[in-house]
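Dumped entry12.cif below, it's mmCIF, C-alpha atoms and all ligand atoms:
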```cif
data_target
#
loop_
_atom_site.label_atom_id
_atom_site.label_comp_id
_atom_site.auth_asym_id
_atom_site.auth_seq_id
_atom_site.Cartn_x
_atom_site.Cartn_y
_atom_site.Cartn_z
CA MET I 823 -90.35 121.71 50.37
CA GLN I 824 -87.44 120.01 52.16
CA THR I 825 -87.42 116.22 52.12
CA GLN I 826 -85.53 113.35 53.66
CA LEU I 827 -86.85 110.17 52.12
CA ALA I 828 -86.33 106.89 53.98
CA ASP I 829 -83.79 104.28 52.85
CA PHE I 830 -86.50 101.87 51.60
CA ILE I 831 -87.37 104.23 48.74
CA SER I 832 -84.79 107.01 48.42
CA ASN I 833 -82.60 105.22 45.88
CA THR I 834 -85.38 103.77 43.72
CA PRO I 835 -86.74 105.39 40.52
CA GLN I 836 -90.06 106.01 42.35
CA GLY I 837 -88.22 107.57 45.29
CA ARG I 838 -86.23 109.92 43.07
CA GLU I 839 -89.39 110.92 41.15
CA ALA I 840 -91.38 111.47 44.36
CA ASP I 841 -88.53 113.49 45.88
CA ALA I 842 -88.38 115.83 42.87
CA ILE I 843 -92.17 116.29 42.94
CA LEU I 844 -92.24 116.96 46.69
CA ARG I 845 -89.45 119.52 46.37
CA SER I 846 -91.39 121.38 43.66
CA CYS I 847 -94.29 122.08 46.06
CA VAL I 848 -93.99 125.43 47.85
CA HIS I 849 -97.02 124.61 50.05
CA CYS I 850 -98.83 127.78 49.04
CA GLY I 851 -102.23 126.01 49.22
CA PHE I 852 -103.69 127.59 46.05
CA CYS I 853 -104.70 124.07 44.97
CA THR I 854 -106.84 123.54 48.06
CA ALA I 855 -109.49 126.01 46.96
CA THR I 856 -110.21 124.12 43.73
CA CYS I 857 -110.20 120.60 45.21
CA PRO I 858 -113.69 119.05 45.14
CA THR I 859 -113.12 116.82 48.17
CA TYR I 860 -111.74 119.70 50.25
CA GLN I 861 -114.78 121.76 49.28
CA LEU I 862 -117.10 119.00 50.50
CA LEU I 863 -115.25 117.88 53.62
CA GLY I 864 -113.30 120.99 54.69
CA ASP I 865 -110.42 118.87 56.03
CA GLU I 866 -106.86 119.82 55.00
CA ASP I 867 -106.03 116.10 54.65
CA ASP I 868 -108.82 115.78 52.06
CA GLY I 869 -107.18 118.42 49.88
CA PRO I 870 -104.08 118.19 47.69
CA ARG I 871 -101.65 119.95 50.03
CA GLY I 872 -102.68 117.75 52.94
CA ARG I 873 -102.37 114.61 50.81
CA ILE I 874 -98.92 115.72 49.66
CA TYR I 875 -97.87 116.00 53.32
CA LEU I 876 -99.35 112.59 54.12
CA ILE I 877 -97.41 110.99 51.26
CA LYS I 878 -94.21 112.82 52.26
CA SER I 879 -94.58 111.53 55.79
CA VAL I 880 -94.96 107.91 54.62
CA LEU I 881 -92.03 108.18 52.20
CA GLU I 882 -89.92 109.62 55.02
CA GLY I 883 -90.49 106.43 56.97
CA ASN I 884 -93.46 107.26 59.20
CA GLU I 885 -96.11 104.61 59.56
CA ALA I 886 -99.13 104.73 57.23
CA THR I 887 -102.50 104.12 58.87
CA SER I 888 -105.95 103.26 57.58
CA LEU I 889 -106.75 106.97 57.95
CA THR I 890 -103.86 107.84 55.61
CA GLN I 891 -105.28 105.32 53.15
CA LEU I 892 -108.79 106.80 53.48
CA HIS I 893 -107.61 110.35 52.70
CA LEU I 894 -105.77 109.09 49.62
CA ASP I 895 -108.74 106.92 48.58
CA ARG I 896 -111.02 109.96 48.75
CA CYS I 897 -108.92 111.72 46.10
CA LEU I 898 -110.72 111.59 42.75
CA THR I 899 -107.47 111.92 40.77
CA CYS I 900 -109.34 114.67 38.96
CA ARG I 901 -106.14 116.77 38.72
CA ALA I 902 -107.95 120.10 39.23
CA CYS I 903 -105.12 120.82 41.69
CA GLU I 904 -102.54 120.44 38.91
CA THR I 905 -104.37 122.98 36.75
CA THR I 906 -104.36 125.46 39.65
CA CYS I 907 -100.82 124.86 40.92
CA PRO I 908 -98.45 127.72 40.00
CA SER I 909 -95.39 125.50 40.59
CA GLY I 910 -96.36 122.70 38.20
CA VAL I 911 -96.45 120.01 40.89
CA ASN I 912 -97.02 116.65 39.21
CA TYR I 913 -99.54 115.60 41.85
CA HIS I 914 -101.01 112.55 40.12
CA ARG I 915 -97.63 110.83 39.81
CA LEU I 916 -96.91 111.50 43.48
CA LEU I 917 -100.32 110.07 44.36
CA ASP I 918 -99.56 106.90 42.35
CA ILE I 919 -96.33 106.40 44.29
CA GLY I 920 -97.95 107.29 47.62
CA ARG I 921 -100.92 104.97 47.14
CA SER I 922 -98.67 102.12 46.19
CA GLU I 923 -96.54 102.51 49.36
CA VAL I 924 -99.57 102.98 51.63
CA ASP I 925 -101.27 99.88 50.21
CA LYS I 926 -98.12 97.85 50.95
CA GLN I 927 -98.33 98.87 54.61
CA VAL I 928 -102.10 98.88 55.17
CA PRO I 929 -103.92 95.73 53.99
CA ARG I 930 -107.43 96.39 52.75
CA PRO I 931 -110.43 94.56 54.30
CA LEU I 932 -111.30 91.25 52.65
CA PHE I 933 -114.58 92.50 51.14
CA GLN I 934 -112.87 95.47 49.52
CA ARG I 935 -110.09 93.23 48.19
CA ALA I 936 -112.69 90.90 46.66
CA ILE I 937 -114.58 93.76 44.93
CA ARG I 938 -111.34 95.23 43.62
CA ALA I 939 -110.24 91.82 42.29
CA LEU I 940 -113.59 91.38 40.53
CA LEU I 941 -113.43 94.83 38.93
CA LEU I 942 -109.80 94.31 37.92
CA THR I 943 -110.70 91.07 36.19
CA ILE I 944 -114.01 91.95 34.56
CA MET I 945 -113.99 95.60 33.55
CA PRO I 946 -110.83 95.74 31.42
CA THR I 947 -111.63 92.41 29.68
CA ARG I 948 -114.11 93.05 26.90
CA SER I 949 -114.87 89.33 26.40
CA LEU I 950 -116.07 89.17 30.03
CA PHE I 951 -117.55 92.64 30.42
CA SER I 952 -119.73 92.68 27.27
CA PRO I 953 -121.73 89.48 27.97
CA LEU I 954 -122.11 90.44 31.63
CA MET I 955 -123.35 93.91 30.66
CA LYS I 956 -125.84 92.32 28.22
CA THR I 957 -127.11 89.98 30.94
CA GLY I 958 -127.37 92.89 33.38
CA GLN I 959 -129.33 94.93 30.83
CA TRP I 960 -131.70 92.04 30.28
CA LEU I 961 -132.26 91.64 34.04
CA ARG I 962 -132.26 95.39 34.66
CA PRO I 963 -136.02 95.83 35.34
CA SER I 964 -135.81 93.44 38.30
CA LEU I 965 -132.49 94.66 39.74
CA PRO I 966 -132.25 96.70 42.98
CA ALA I 967 -131.91 100.47 42.46
CA PHE I 968 -128.17 100.69 43.32
CA LEU I 969 -127.33 98.09 40.62
CA LYS I 970 -129.81 99.48 38.11
CA GLU I 971 -128.01 102.79 38.32
CA LYS I 972 -124.73 101.18 37.27
CA ILE I 973 -126.24 99.43 34.24
CA PRO I 974 -127.48 101.68 31.44
CA PRO I 975 -130.50 100.49 29.44
CA ARG I 976 -129.55 98.57 26.31
CA THR I 977 -128.55 100.75 23.34
CA THR I 978 -128.39 99.26 19.90
CA ALA I 979 -125.86 100.40 17.32
CA ARG I 980 -128.30 102.44 15.21
CA LEU I 981 -125.62 104.09 13.06
CA SER I 982 -124.01 102.39 10.08
CA PRO I 983 -120.23 102.45 9.98
CA PRO I 984 -118.53 103.98 6.93
CA VAL I 985 -117.53 101.67 4.08
CA THR I 986 -115.21 103.85 1.99
CA GLN I 987 -111.49 103.21 2.44
CA HIS I 988 -109.42 106.40 2.37
CA GLY I 989 -105.69 106.85 1.87
CA ARG I 990 -105.37 108.47 5.30
CA LYS I 991 -105.57 105.94 8.14
CA MET I 992 -105.74 106.19 11.90
CA LEU I 993 -106.15 103.65 14.70
CA LEU I 994 -108.93 103.85 17.25
CA LEU I 995 -108.64 102.89 20.91
CA GLU I 996 -111.97 101.07 21.03
CA GLY I 997 -112.09 100.92 24.81
CA CYS I 998 -113.02 98.10 27.17
CA VAL I 999 -116.44 99.07 28.54
CA GLN I 1000 -117.57 101.68 26.01
CA PRO I 1001 -118.53 99.39 23.07
CA ALA I 1002 -120.95 97.44 25.30
CA MET I 1003 -122.42 100.49 27.06
CA ALA I 1004 -122.65 103.00 24.18
CA PRO I 1005 -121.87 101.31 20.84
CA ASN I 1006 -122.72 104.41 18.77
CA ILE I 1007 -119.75 106.46 20.02
CA ASN I 1008 -117.09 104.53 18.09
CA ILE I 1009 -119.29 104.43 14.98
CA ALA I 1010 -119.96 108.19 15.18
CA THR I 1011 -116.20 108.77 15.51
CA ALA I 1012 -115.54 106.67 12.41
CA ARG I 1013 -118.27 108.54 10.48
CA VAL I 1014 -116.95 112.00 11.38
CA LEU I 1015 -113.41 111.00 10.39
CA ASP I 1016 -114.77 109.41 7.20
CA ALA I 1017 -116.34 112.76 6.28
CA LEU I 1018 -112.84 114.23 6.60
CA GLY I 1019 -111.28 111.56 4.37
CA ILE I 1020 -109.76 109.47 7.17
CA SER I 1021 -110.42 105.73 7.70
CA LEU I 1022 -110.10 104.00 11.02
CA GLN I 1023 -108.28 100.70 10.74
CA PRO I 1024 -108.69 97.87 13.23
CA ALA I 1025 -105.85 96.89 15.56
CA PRO I 1026 -106.56 93.30 16.59
CA GLY I 1027 -105.06 92.59 19.98
CA ALA I 1028 -105.48 96.09 21.45
CA GLY I 1029 -107.66 96.40 24.53
CA CYS I 1030 -108.03 98.39 27.74
CA CYS I 1031 -105.64 101.35 27.96
CA GLY I 1032 -104.56 100.29 31.46
CA ALA I 1033 -106.12 103.23 33.34
CA LEU I 1034 -108.55 101.08 35.28
CA ARG I 1035 -105.87 98.75 36.66
CA HIS I 1036 -103.45 101.62 37.16
CA HIS I 1037 -105.90 103.61 39.29
CA LEU I 1038 -106.75 100.53 41.34
CA ASN I 1039 -103.04 100.25 42.10
CA ALA I 1040 -102.53 97.06 40.04
CA GLN I 1041 -99.61 98.78 38.41
CA GLU I 1042 -97.78 95.81 36.90
CA ALA I 1043 -101.02 94.50 35.36
CA ALA I 1044 -101.62 97.99 33.95
CA ARG I 1045 -98.11 97.99 32.45
CA ASN I 1046 -98.99 94.69 30.76
CA ASP I 1047 -102.11 96.34 29.27
CA MET I 1048 -99.88 99.09 27.91
CA ARG I 1049 -97.32 96.66 26.46
CA ARG I 1050 -100.11 94.70 24.75
CA ASN I 1051 -101.48 97.87 23.16
CA ILE I 1052 -98.04 98.96 22.02
CA ASP I 1053 -97.56 95.56 20.37
CA ALA I 1054 -100.95 95.93 18.64
CA TRP I 1055 -100.46 99.53 17.43
CA TRP I 1056 -96.76 99.71 16.72
CA PRO I 1057 -96.70 97.85 13.36
CA ALA I 1058 -99.61 99.93 11.98
CA LEU I 1059 -98.01 103.19 13.12
CA GLN I 1060 -94.77 102.14 11.43
CA ALA I 1061 -96.74 101.41 8.22
CA GLU I 1062 -99.51 103.82 7.24
CA ALA I 1063 -101.47 104.83 10.37
CA GLU I 1064 -100.95 108.49 11.28
CA ALA I 1065 -102.17 108.41 14.85
CA VAL I 1066 -104.06 106.62 17.61
CA VAL I 1067 -107.43 108.33 18.12
CA ILE I 1068 -109.00 108.22 21.59
CA ASN I 1069 -112.62 109.21 22.11
CA THR I 1070 -112.83 108.40 25.83
CA SER I 1071 -111.18 111.29 27.59
CA GLY I 1072 -110.59 109.01 30.60
CA CYS I 1073 -108.27 106.83 28.52
CA ALA I 1074 -106.33 109.53 26.67
CA PRO I 1075 -104.18 110.80 29.59
CA GLN I 1076 -103.20 107.20 30.35
CA VAL I 1077 -102.00 106.52 26.79
CA LYS I 1078 -100.23 109.88 26.70
CA ASP I 1079 -98.47 108.76 29.93
CA TYR I 1080 -97.19 105.44 28.49
CA ALA I 1081 -93.82 107.14 27.92
CA THR I 1082 -93.49 107.92 31.64
CA LEU I 1083 -95.03 104.71 32.93
CA LEU I 1084 -92.79 102.45 30.81
CA ALA I 1085 -89.68 104.64 30.98
CA ASP I 1086 -87.79 101.97 32.97
CA ASP I 1087 -88.68 99.12 30.60
CA PRO I 1088 -85.72 98.70 28.22
CA GLU I 1089 -87.78 96.77 25.68
CA TYR I 1090 -90.73 99.17 25.52
CA ALA I 1091 -89.46 102.62 26.62
CA ALA I 1092 -88.69 103.97 23.13
CA LYS I 1093 -91.87 102.53 21.59
CA ALA I 1094 -93.92 103.92 24.48
CA GLN I 1095 -92.54 107.38 23.75
CA ASP I 1096 -93.57 107.08 20.11
CA ILE I 1097 -97.04 105.83 21.03
CA SER I 1098 -97.57 108.69 23.50
CA ARG I 1099 -96.45 111.21 20.87
CA SER I 1100 -98.81 109.67 18.28
CA SER I 1101 -101.92 109.48 20.51
CA PHE I 1102 -104.56 112.18 20.45
CA ASP I 1103 -107.96 112.85 21.90
CA ILE I 1104 -110.56 113.06 19.11
CA ALA I 1105 -110.95 116.76 19.99
CA GLU I 1106 -107.27 117.33 19.11
CA ILE I 1107 -107.65 115.45 15.82
CA LEU I 1108 -110.68 117.52 14.83
CA LEU I 1109 -108.89 120.72 15.83
CA ARG I 1110 -106.11 119.80 13.38
CA GLU I 1111 -108.75 119.20 10.68
CA LYS I 1112 -110.86 122.16 11.76
CA GLU I 1113 -110.93 124.06 8.48
CA GLN I 1114 -112.26 121.07 6.57
CA LEU I 1115 -114.68 120.16 9.34
CA LEU I 1116 -116.12 123.68 9.53
CA ALA I 1117 -116.60 123.68 5.76
CA LYS I 1118 -118.47 120.35 5.97
CA LEU I 1119 -120.62 121.62 8.83
CA GLU I 1120 -121.38 124.75 6.85
CA GLU I 1121 -122.45 122.62 3.84
CA SER I 1122 -124.84 120.58 5.95
CA ALA I 1123 -126.14 123.52 8.02
CA SER I 1124 -129.83 123.08 8.78
CA PRO I 1125 -132.41 125.81 9.16
CA ARG I 1126 -133.81 124.25 12.37
CA ALA I 1127 -133.52 126.09 15.70
CA ALA I 1128 -130.29 125.59 17.62
CA ARG I 1129 -130.43 122.91 20.30
CA LYS I 1130 -129.67 124.01 23.83
CA VAL I 1131 -126.76 121.88 25.04
CA ALA I 1132 -124.83 121.89 28.32
CA PHE I 1133 -121.25 120.68 27.91
CA GLN I 1134 -119.73 118.80 30.83
CA SER I 1135 -115.99 118.94 30.33
CA PRO I 1136 -114.57 115.82 32.05
CA CYS I 1137 -111.58 116.31 34.36
CA THR I 1138 -109.63 113.98 32.08
CA LEU I 1139 -110.21 116.42 29.20
CA GLN I 1140 -109.65 119.77 30.89
CA HIS I 1141 -107.16 118.87 33.66
CA GLY I 1142 -105.67 115.59 32.42
CA GLN I 1143 -105.07 116.81 28.87
CA SER I 1144 -105.41 120.61 29.18
CA ILE I 1145 -107.98 120.63 26.37
CA THR I 1146 -110.27 123.56 27.05
CA GLY I 1147 -112.62 125.33 24.67
CA THR I 1148 -112.05 123.03 21.66
CA VAL I 1149 -115.14 120.85 22.04
CA GLU I 1150 -117.23 123.89 22.92
CA GLN I 1151 -116.14 125.63 19.66
CA LEU I 1152 -116.96 122.52 17.62
CA LEU I 1153 -120.40 122.13 19.21
CA ILE I 1154 -121.21 125.77 18.47
CA ALA I 1155 -120.05 125.23 14.87
CA ALA I 1156 -122.41 122.22 14.75
CA GLY I 1157 -125.34 124.50 15.57
CA CYS I 1158 -125.60 124.02 19.33
CA ASP I 1159 -126.58 126.81 21.67
CA LEU I 1160 -124.27 126.15 24.63
CA VAL I 1161 -125.72 127.10 27.97
CA PRO I 1162 -123.37 128.40 30.69
CA VAL I 1163 -122.30 125.84 33.31
CA ALA I 1164 -121.10 127.10 36.70
CA ASP I 1165 -118.06 125.55 38.39
CA GLY I 1166 -117.15 123.69 35.20
CA HIS I 1167 -113.73 122.84 36.69
CA LEU I 1168 -115.24 120.55 39.33
CA CYS I 1169 -115.49 116.77 38.98
CA CYS I 1170 -118.90 115.10 38.52
CA GLY I 1171 -117.91 112.32 40.95
CA SER I 1172 -117.57 109.52 38.40
CA ALA I 1173 -113.75 109.18 38.41
CA GLY I 1174 -113.39 105.58 37.25
CA THR I 1175 -114.42 103.28 40.08
CA TYR I 1176 -114.76 106.14 42.61
CA SER I 1177 -118.57 105.98 42.53
CA ILE I 1178 -118.34 102.35 43.69
CA PHE I 1179 -115.85 102.89 46.52
CA GLN I 1180 -116.86 106.40 47.65
CA PRO I 1181 -120.62 106.46 46.92
CA THR I 1182 -121.55 109.27 49.32
CA LEU I 1183 -118.98 111.77 48.05
CA SER I 1184 -119.61 110.68 44.48
CA LYS I 1185 -123.37 111.32 44.78
CA GLN I 1186 -122.84 114.73 46.41
CA LEU I 1187 -120.54 115.76 43.56
CA ARG I 1188 -123.03 114.46 41.00
CA ALA I 1189 -125.91 116.37 42.57
CA ASN I 1190 -123.86 119.60 42.45
CA LYS I 1191 -122.82 118.92 38.85
CA VAL I 1192 -126.37 118.13 37.74
CA SER I 1193 -127.73 121.37 39.18
CA ALA I 1194 -124.95 123.33 37.42
CA LEU I 1195 -125.56 121.53 34.12
CA THR I 1196 -129.34 121.88 34.16
CA ALA I 1197 -129.52 125.49 35.42
CA GLY I 1198 -129.70 126.81 31.84
CA GLN I 1199 -132.47 124.31 30.94
CA PRO I 1200 -130.60 122.47 28.18
CA GLN I 1201 -132.29 119.88 25.96
CA GLU I 1202 -129.31 117.56 26.32
CA ILE I 1203 -125.94 117.23 28.02
CA ALA I 1204 -122.80 116.55 26.02
CA THR I 1205 -119.66 115.05 27.51
CA ALA I 1206 -116.46 113.34 26.39
CA ASN I 1207 -116.17 110.31 28.63
CA ILE I 1208 -118.26 107.16 28.97
CA GLY I 1209 -117.69 107.12 32.74
CA CYS I 1210 -119.18 110.61 33.19
CA MET I 1211 -122.01 109.77 30.77
CA SER I 1212 -123.14 106.69 32.63
CA HIS I 1213 -122.70 108.38 36.01
CA LEU I 1214 -124.74 111.47 35.11
CA GLN I 1215 -127.52 109.85 33.06
CA PRO I 1216 -129.46 108.23 35.96
CA ALA I 1217 -129.61 111.63 37.71
CA VAL I 1218 -131.17 113.63 34.85
CA ASP I 1219 -134.20 113.23 32.62
CA ILE I 1220 -132.56 114.63 29.47
CA PRO I 1221 -130.14 112.63 27.28
CA VAL I 1222 -126.44 112.63 28.15
CA ARG I 1223 -124.39 111.90 25.04
CA HIS I 1224 -120.86 111.95 23.74
CA TRP I 1225 -120.23 115.21 21.88
CA ILE I 1226 -118.91 113.37 18.80
CA GLU I 1227 -122.43 111.95 18.26
CA ILE I 1228 -123.75 115.51 17.99
CA ILE I 1229 -121.05 116.42 15.44
CA ASP I 1230 -121.89 113.27 13.45
CA GLU I 1231 -125.57 114.15 13.49
CA ALA I 1232 -124.86 117.72 12.32
CA LEU I 1233 -122.77 116.34 9.43
CA THR I 1234 -125.03 113.57 8.29
CA ASP I 1235 -128.49 114.11 9.70
CA PRO I 1236 -129.01 117.86 9.74
CA GLY I 1237 -132.69 117.45 10.53
S1 LIG G 1301 -100.66 124.86 44.60
FE1 LIG G 1301 -98.91 123.56 44.04
S2 LIG G 1301 -97.17 124.41 45.16
FE2 LIG G 1301 -99.03 125.21 46.14
S3 LIG G 1301 -99.50 123.69 47.78
FE3 LIG G 1301 -100.66 123.07 45.99
S4 LIG G 1301 -99.31 121.58 44.99
FE4 LIG G 1301 -98.01 122.73 46.42
S1 LIG G 1302 -106.78 115.22 42.21
FE1 LIG G 1302 -108.74 116.29 42.56
S2 LIG G 1302 -109.57 115.36 44.43
FE2 LIG G 1302 -107.39 114.78 44.31
S3 LIG G 1302 -106.32 116.33 45.50
FE3 LIG G 1302 -106.28 117.04 43.38
S4 LIG G 1302 -108.09 118.36 43.18
FE4 LIG G 1302 -108.37 117.15 45.06
#
```
Could you write out this structure as structure tokens?
Ligand code: SF4
Ligand code: SF4
Amino acid sequence: MQTQLADFISNTPQGREADAILRSCVHCGFCTATCPTYQLLGDEDDGPRGRIYLIKSVLEGNEATSLTQLHLDRCLTCRACETTCPSGVNYHRLLDIGRSEVDKQVPRPLFQRAIRALLLTIMPTRSLFSPLMKTGQWLRPSLPAFLKEKIPPRTTARLSPPVTQHGRKMLLLEGCVQPAMAPNINIATARVLDALGISLQPAPGAGCCGALRHHLNAQEAARNDMRRNIDAWWPALQAEAEAVVINTSGCAPQVKDYATLLADDPEYAAKAQDISRSSFDIAEILLREKEQLLAKLEESASPRAARKVAFQSPCTLQHGQSITGTVEQLLIAAGCDLVPVADGHLCCGSAGTYSIFQPTLSKQLRANKVSALTAGQPQEIATANIGCMSHLQPAVDIPVRHWIEIIDEALTDPG
């Protein structure tokens, strides 16, 4: 694709990056067929190729309008288009740059700005989010349906964390909203790693990975989240910790992108590269330890009938990290009977705060996903991301759980 970026951006790092990405697109349109929003709306501008043209136009100096902003807002950042693209177009980075420029030109309505400011303040701050979530759970029975749906019923931490200290250590990204919404996920992660002779060590000072602020276009605040996490993890990684483990697939691509997102920060660029290299989704860690894990699962194998499970592979796992098939293999090894799920590449509509700002599209995508997941009549749904879990659960009457909880159960509570 030929480009001629305008003076305001052509000689900036973002301009050079956007230019290279735009030039790599051969506008073949293969990506359009796998884009969930194009499938629902049938408008070229609600598909990746159309959005690429919209961003190109703005970066070439043409005026952005509220319609440009709407088409970019409707993008889920699911990255299915990147998986399909034969030319390796780095769409999500182009979208970041495009959204940032469009938001500079098109002010958002006051109400939307207020909601975004609230979410940016509360959700990534565990000390604010946790008490508010507890209060919401307490008031849940009397809340209106649209709010009730966003607040899962209270779950207590029923699992006990491991006590043994092993020689092998790893750090855990504990997450900002996950501990309050589903406290058993981090404990189950620690228990599975404990069974493999690995201890999780705390990293006081670490917090939100930055994805939430980044995707709401608060990019400097997101970079501060990243710097804070690097400061918290760096000393432990220099000492005895082998890796940073991430069990929320929505956070893992962000941490793996620290190297790119802090590349122009002289103080943090090199450390960010090390952190990105040392950060792994829990599925990748278990794949590395697979032999030992399979032996442990074999030891604890139970004679009970296999449970029928539907696995919902989040976009952030399959498209954002290109992890496909690993979790499925581990669930089968843990005794699950995986039911087929049609259109597994399509987003469930959760996508961070998408369900708040694009409720109609989000609900349509969820309805499609739920019928695909339940077609094989599973007893439960397994996923890898707290966002997908809490988005899907109100729409089904079977449990939706993180897959690591099923592995933990197979290891320690074989029935
Ligand atoms: S598939 Fe890739 S190269 Fe083709 S239009 Fe889409 S982004 Fe461009
Ligand atoms: S990220 Fe997802 S929603 Fe956005 S253009 Fe690509 S496929 Fe479509």
For ligand LIG 1302 (chain G), collect every residue having any atom at a distance of at most 8 Å from a ligand atom (counting only C-alpha atoms and all ligand atoms); output as an NGL selection string. :I and (853-854 or 856-860 or 868-871 or 873 or 894 or 896-904 or 913-914 or 1169)
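Interatomic distance, CA of Met992 in chain I against CA of Leu1109 in chain I: 15.4 Å.
For ligand LIG 1301 (chain G), the neighbouring polymer residues at 9 Å or closer are I:Met823, I:Leu844, I:Ser846, I:Cys847, I:Val848, I:His849, I:Cys850, I:Gly851, I:Phe852, I:Cys853, I:Thr854, I:Gly869, I:Pro870, I:Arg871, I:Gly872, I:Ile874, I:Cys903, I:Glu904, I:Thr905, I:Thr906, I:Cys907, I:Pro908, I:Ser909, I:Gly910, I:Val911, I:Asn912, I:Tyr913, only C-alpha atoms and all ligand atoms being used.
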Export C-alpha atoms of the chosen residues as a CSV table (one decimal), in the frame of the given file?
```csv
chain,number,residue,atom,x,y,z
I,823,MET,CA,-90.4,121.7,50.4
I,844,LEU,CA,-92.2,117.0,46.7
I,846,SER,CA,-91.4,121.4,43.7
I,847,CYS,CA,-94.3,122.1,46.1
I,848,VAL,CA,-94.0,125.4,47.8
I,849,HIS,CA,-97.0,124.6,50.0
I,850,CYS,CA,-98.8,127.8,49.0
I,851,GLY,CA,-102.2,126.0,49.2
I,852,PHE,CA,-103.7,127.6,46.0
I,853,CYS,CA,-104.7,124.1,45.0
I,854,THR,CA,-106.8,123.5,48.1
I,869,GLY,CA,-107.2,118.4,49.9
I,870,PRO,CA,-104.1,118.2,47.7
I,871,ARG,CA,-101.6,120.0,50.0
I,872,GLY,CA,-102.7,117.8,52.9
I,874,ILE,CA,-98.9,115.7,49.7
I,903,CYS,CA,-105.1,120.8,41.7
I,904,GLU,CA,-102.5,120.4,38.9
I,905,THR,CA,-104.4,123.0,36.8
I,906,THR,CA,-104.4,125.5,39.6
I,907,CYS,CA,-100.8,124.9,40.9
I,908,PRO,CA,-98.4,127.7,40.0
I,909,SER,CA,-95.4,125.5,40.6
I,910,GLY,CA,-96.4,122.7,38.2
I,911,VAL,CA,-96.4,120.0,40.9
I,912,ASN,CA,-97.0,116.6,39.2
I,913,TYR,CA,-99.5,115.6,41.8
```
Extract, using only C-alpha atoms, all DNA, RNA and protein residues at most 10 Å from Val924 in chain I, discarding same-chain residues fewer than 3 positions from it, and format them as an MDAnalysis selection string. chainID I and resid 876:877 880:881 885:888 890:891 894 919:921 927:929
Find the residues near range 1222-1232 of chain I: any atom within 10 Å, counting all atoms listed in the file, skip ones fewer than 3 places away on the same chain, and give them as a count of residues only. 57
Smallest atom-to-atom distance to Ile1107 in chain I: which of I:Ser1177, I:Tyr1080, I:Ile1068, I:Thr825, using all atoms listed in the file?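 Going through I:Ser1177, I:Tyr1080, I:Ile1068, I:Thr825 one by one, the smallest distance to Ile1107 in chain I is for I:Ile1068.
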If we count only C-alpha atoms, what is near Glu882 in chain I at a cut-off of 6 Å, once residues fewer than 5 positions away on the same chain are taken out, given as number ranges by chain? I: 826-828
Could you work out an axis-aligned box for range 1015-1019 of chain I, taking every atom the file lists and adding 6 Å on each side, and report centre and edge lengths in Å to one decimal, as lines of an AutoDock Vina configuration file?
```
center_x = -113.8
center_y = 111.8
center_z = 7.4
size_x = 17.1
size_y = 16.8
size_z = 18.0
```
Find the distance between CA of Asp1165 in chain I and CA of Gln1180 in chain I and write it in Å to one decimal. 21.3 Å
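Distances to Ile973 in chain I were evaluated for I:Thr947, I:Gln959, I:Thr986, I:Ser1144 using all atoms listed in the file, and the minimum falls at I:Gln959.
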If you measure from CA of Leu863 in chain I to CA of Leu1195 in chain I, what distance in Å do you get, rounded to one decimal? 22.4 Å
